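Notes follow once the structure below has been shown.
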Amino acid sequence: MEEILVERDNNVATVTINRPDQRNAINYHMWMDLQRIMVDLTDDPDVRVVIFKGAGKDAFSAGADIKDFELYRNSAAKATLHEAAVTGALDAIAWLPKPTISMIRGFCIGGGCELAIATDIRVATKGSRFGIPVARLGILIASKEMRRLVDLVGRGNAMYILMSARLLETEEALRIGLINQEVEDGELEDYVQKLASEMAVLAPLSHAGNKQILRTILANPDMELLTPEEEEFQLSNFDSADFQEGRRAFLEKRKPKFEGR
């Protein structure tokens with residue numbers, strides 16, 4: 001059985017963590033596979049939006065595979081290799097130049113929660129549960145994952161999540177900004193697919209450019225050390241074919257057909 005499934009339909013790719021019997025726990029080899037898959041999706045011009053989900057109804061992902069602690073995380077030396085695989089996969093997801101959505105049902109814990117945080121948008125069903133309980137294992141969250149967590153929920157909420165090691169209910173996750181939307185269980189797929197379809201027909205260059213600007217601002221919040229290229233980056237789309245198409249479509253009162261160039 002393939003542990004990660006990738007399906008493409010109408011400019012939307014769906015990446016499924018496919019280990020429902022293990023609550024979609026992610027092992028070392030799956031983290032490596034996710035890096036490769038992100039490269040493939042980046043290079044695929046037909047993919048405009050990427051959805052991440054877990055197989056079954058119990059979990060988005062319950063985090064790291066416990067077997068990896070014996071095989072890859074029983075010493076600092078071995079953990080270095082495992083951490084590189086995890087961080088590499090999460091960076092690849094975060095840097096994907098296309099909108100990403102986490103479709104969350106059930107447990108979203110540890111590395112699974114970190115994966116969801118690396119995506120642009122998180123939609124979850126009522127009754128889902130969230131947490132990064134590293135304090136229960138005596139380990140630490142990686143620096144990049146800490147940065148993404150703090151950027152998303154703020155310093156105080158990040159410390160609450162990590163130091164309490166509690167599992168948050170969907171309502172609390174929504175309140176602190178860990179997720180964007182809460183929906184009924186039976187509405188999840190339709191809601192996320194509709195959102196993805198709406199995003200897929202918008203300008204790919206706008207999506208990619210806005211993600212790049214966000215990374216620049218998060219890296220330099222005071223915006224005092226921006227390069228001339230970074231300061232003027234928002235003007236670059238005016239020379240694109242997509243802008244000309246968008247302008248013509250607006251004047252002609254029709255829907256634009258963007259090609260990402």
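Convention: chains lettered A, B, ... in structure tokens order; per-chain residue numbering from 1; ligands numbered from 1 as shown.
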Query raised in the report: Leaving out Tyr160 (chain A) and any residue of its chain fewer than 3 positions from it, which residues lie within 12 Å of it when counting only C-alpha atoms, given as a ChimeraX atom specification?
Result: /A:131-133,135,149-150,153-157,163-168,172-173,176
Query - Expected answer as an MDAnalysis selection string: strand (DSSP E) residues in region 30-174 of chain A - result: chainID A and resid 49:54 59:61 100:104 107:109 121:125 129:131 168:169
Output for the residues just chosen: N, CA and C atoms as a CSV table (one decimal), in the first residue's frame:
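Written output follows (result-v1.csv):
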```
chain,number,residue,atom,x,y,z
A,49,VAL,N,-3.4,24.4,-7.1
A,49,VAL,CA,-3.7,24.4,-5.7
A,49,VAL,C,-3.4,23.0,-5.2
A,50,VAL,N,-2.9,22.9,-3.9
A,50,VAL,CA,-2.6,21.6,-3.3
A,50,VAL,C,-3.3,21.4,-2.0
A,51,ILE,N,-4.1,20.3,-1.9
A,51,ILE,CA,-4.8,20.0,-0.6
A,51,ILE,C,-4.0,18.8,0.1
A,52,PHE,N,-3.9,18.9,1.4
A,52,PHE,CA,-3.3,17.9,2.2
A,52,PHE,C,-4.4,17.3,3.1
A,53,LYS,N,-4.5,16.0,3.2
A,53,LYS,CA,-5.5,15.3,4.0
A,53,LYS,C,-5.0,14.0,4.6
A,54,GLY,N,-5.7,13.4,5.5
A,54,GLY,CA,-5.3,12.1,6.0
A,54,GLY,C,-6.4,11.1,5.6
A,59,ALA,N,-7.9,10.7,11.8
A,59,ALA,CA,-6.8,11.6,11.9
A,59,ALA,C,-6.4,12.2,10.6
A,60,PHE,N,-6.0,13.5,10.7
A,60,PHE,CA,-5.2,14.1,9.6
A,60,PHE,C,-3.8,13.5,9.7
A,61,SER,N,-3.2,13.6,10.9
A,61,SER,CA,-2.0,12.8,11.1
A,61,SER,C,-1.7,12.9,12.6
A,100,THR,N,-1.8,26.2,-0.6
A,100,THR,CA,-1.9,24.9,0.0
A,100,THR,C,-3.0,25.0,1.1
A,101,ILE,N,-3.8,23.9,1.2
A,101,ILE,CA,-4.9,23.8,2.2
A,101,ILE,C,-4.7,22.5,2.9
A,102,SER,N,-4.9,22.6,4.2
A,102,SER,CA,-5.0,21.4,5.1
A,102,SER,C,-6.4,21.1,5.3
A,103,MET,N,-6.9,19.9,4.9
A,103,MET,CA,-8.2,19.4,5.2
A,103,MET,C,-8.2,18.5,6.4
A,104,ILE,N,-8.6,19.0,7.6
A,104,ILE,CA,-8.3,18.3,8.8
A,104,ILE,C,-9.5,17.7,9.4
A,107,PHE,N,-7.5,13.7,14.7
A,107,PHE,CA,-6.2,14.1,15.4
A,107,PHE,C,-5.3,14.8,14.4
A,108,CYS,N,-4.7,15.9,14.9
A,108,CYS,CA,-3.7,16.7,14.1
A,108,CYS,C,-2.6,17.0,15.1
A,109,ILE,N,-1.7,16.1,15.3
A,109,ILE,CA,-0.8,16.1,16.5
A,109,ILE,C,0.7,16.1,16.0
A,121,ILE,N,-3.5,27.5,4.5
A,121,ILE,CA,-4.9,27.6,5.0
A,121,ILE,C,-5.2,26.2,5.7
A,122,ARG,N,-5.9,26.3,6.8
A,122,ARG,CA,-6.3,25.1,7.6
A,122,ARG,C,-7.8,25.1,7.8
A,123,VAL,N,-8.5,24.1,7.4
A,123,VAL,CA,-9.9,23.9,7.6
A,123,VAL,C,-10.1,22.6,8.3
A,124,ALA,N,-10.9,22.7,9.4
A,124,ALA,CA,-11.0,21.5,10.3
A,124,ALA,C,-12.5,21.2,10.7
A,125,THR,N,-12.8,20.0,10.9
A,125,THR,CA,-14.1,19.6,11.4
A,125,THR,C,-14.2,19.8,12.9
A,129,ARG,N,-8.8,17.5,17.0
A,129,ARG,CA,-7.9,17.9,18.1
A,129,ARG,C,-6.5,18.2,17.7
A,130,PHE,N,-5.9,19.2,18.3
A,130,PHE,CA,-4.6,19.7,17.8
A,130,PHE,C,-3.6,19.8,19.0
A,131,GLY,N,-2.4,19.6,18.7
A,131,GLY,CA,-1.4,19.8,19.7
A,131,GLY,C,0.0,19.4,19.2
A,168,LEU,N,-5.9,20.6,21.9
A,168,LEU,CA,-6.9,21.7,21.8
A,168,LEU,C,-8.0,21.2,21.0
A,169,GLU,N,-9.2,21.6,21.4
A,169,GLU,CA,-10.4,21.3,20.6
A,169,GLU,C,-10.5,22.3,19.4
```
Report summary line: Students should find that CA of Leu162 (chain A) and CA of Ile139 (chain A) are spaced 10.8 Å
Query raised in the report: Using only C-alpha atoms, which residues sit within 6 Å of region 206-209 of chain A once same-chain residues fewer than 2 positions away are excluded, as a PyMOL selection string?
Result: chain A and resi 97-98+203-204+211-212
Selection export as a PDB file, in the first residue's frame, atoms kept: N, CA and C atoms:
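Writing done, so here's out38.pdb:
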```pdb
ATOM      1  N   PRO A  97       5.167  27.329  -4.323  1.00  0.00           N
ATOM      2  CA  PRO A  97       4.682  28.611  -4.850  1.00  0.00           C
ATOM      3  C   PRO A  97       3.220  28.577  -5.284  1.00  0.00           C
ATOM      4  N   LYS A  98       2.453  27.700  -4.656  1.00  0.00           N
ATOM      5  CA  LYS A  98       1.039  27.527  -4.990  1.00  0.00           C
ATOM      6  C   LYS A  98       0.257  27.459  -3.687  1.00  0.00           C
ATOM      7  N   ALA A 203      -5.128  34.118 -10.510  1.00  0.00           N
ATOM      8  CA  ALA A 203      -3.825  34.279 -11.155  1.00  0.00           C
ATOM      9  C   ALA A 203      -2.720  33.553 -10.386  1.00  0.00           C
ATOM     10  N   PRO A 204      -2.088  32.547 -10.993  1.00  0.00           N
ATOM     11  CA  PRO A 204      -0.998  31.833 -10.310  1.00  0.00           C
ATOM     12  C   PRO A 204       0.158  32.743  -9.922  1.00  0.00           C
ATOM     13  N   LYS A 211       2.916  34.957  -1.743  1.00  0.00           N
ATOM     14  CA  LYS A 211       3.609  34.085  -0.804  1.00  0.00           C
ATOM     15  C   LYS A 211       5.065  34.532  -0.636  1.00  0.00           C
ATOM     16  N   GLN A 212       5.678  34.961  -1.726  1.00  0.00           N
ATOM     17  CA  GLN A 212       7.056  35.429  -1.637  1.00  0.00           C
ATOM     18  C   GLN A 212       7.153  36.717  -0.826  1.00  0.00           C
TER      19      GLN A 212
END
```
**Report entry** Gap from CA of Gly110 (chain A) to CA of Glu145 (chain A) - Å, one decimal
**Finding:** 10.6 Å
Query raised in the report: For Ala25 (chain A), which of A:Leu202, A:Ile4, A:Ala219, A:Ala241 is the closest residue, counting only C-alpha atoms?
Result: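 Once distances to Ala25 (chain A) are computed over only C-alpha atoms, the minimum belongs to A:Ile4.
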**Report entry** alpha helix (DSSP H) residues, from DSSP on the backbone, in region 2-215 of chain A, as a PyMOL selection string
**Finding:** chain A and resi 28-43+67-71+76-94+111-118+143-153+155-164+170-175+188-200+204-215
Query raised in the report: Using only C-alpha atoms, which residues sit within 12 Å of Ala76 (chain A) once same-chain residues fewer than 5 positions away are excluded, as JSON, numbers by chain?
Result: {"A": [69, 81, 82, 83, 139, 140]}
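By only C-alpha atoms, and with residues fewer than 4 positions from Ala13 (chain A) along its chain excluded, the set lying at most 8 Å from it is A:Val6, A:Glu7, A:Arg8, A:Asp9, A:Leu41, A:Val47, A:Arg48, A:Val49, A:Val50, A:Ile51.
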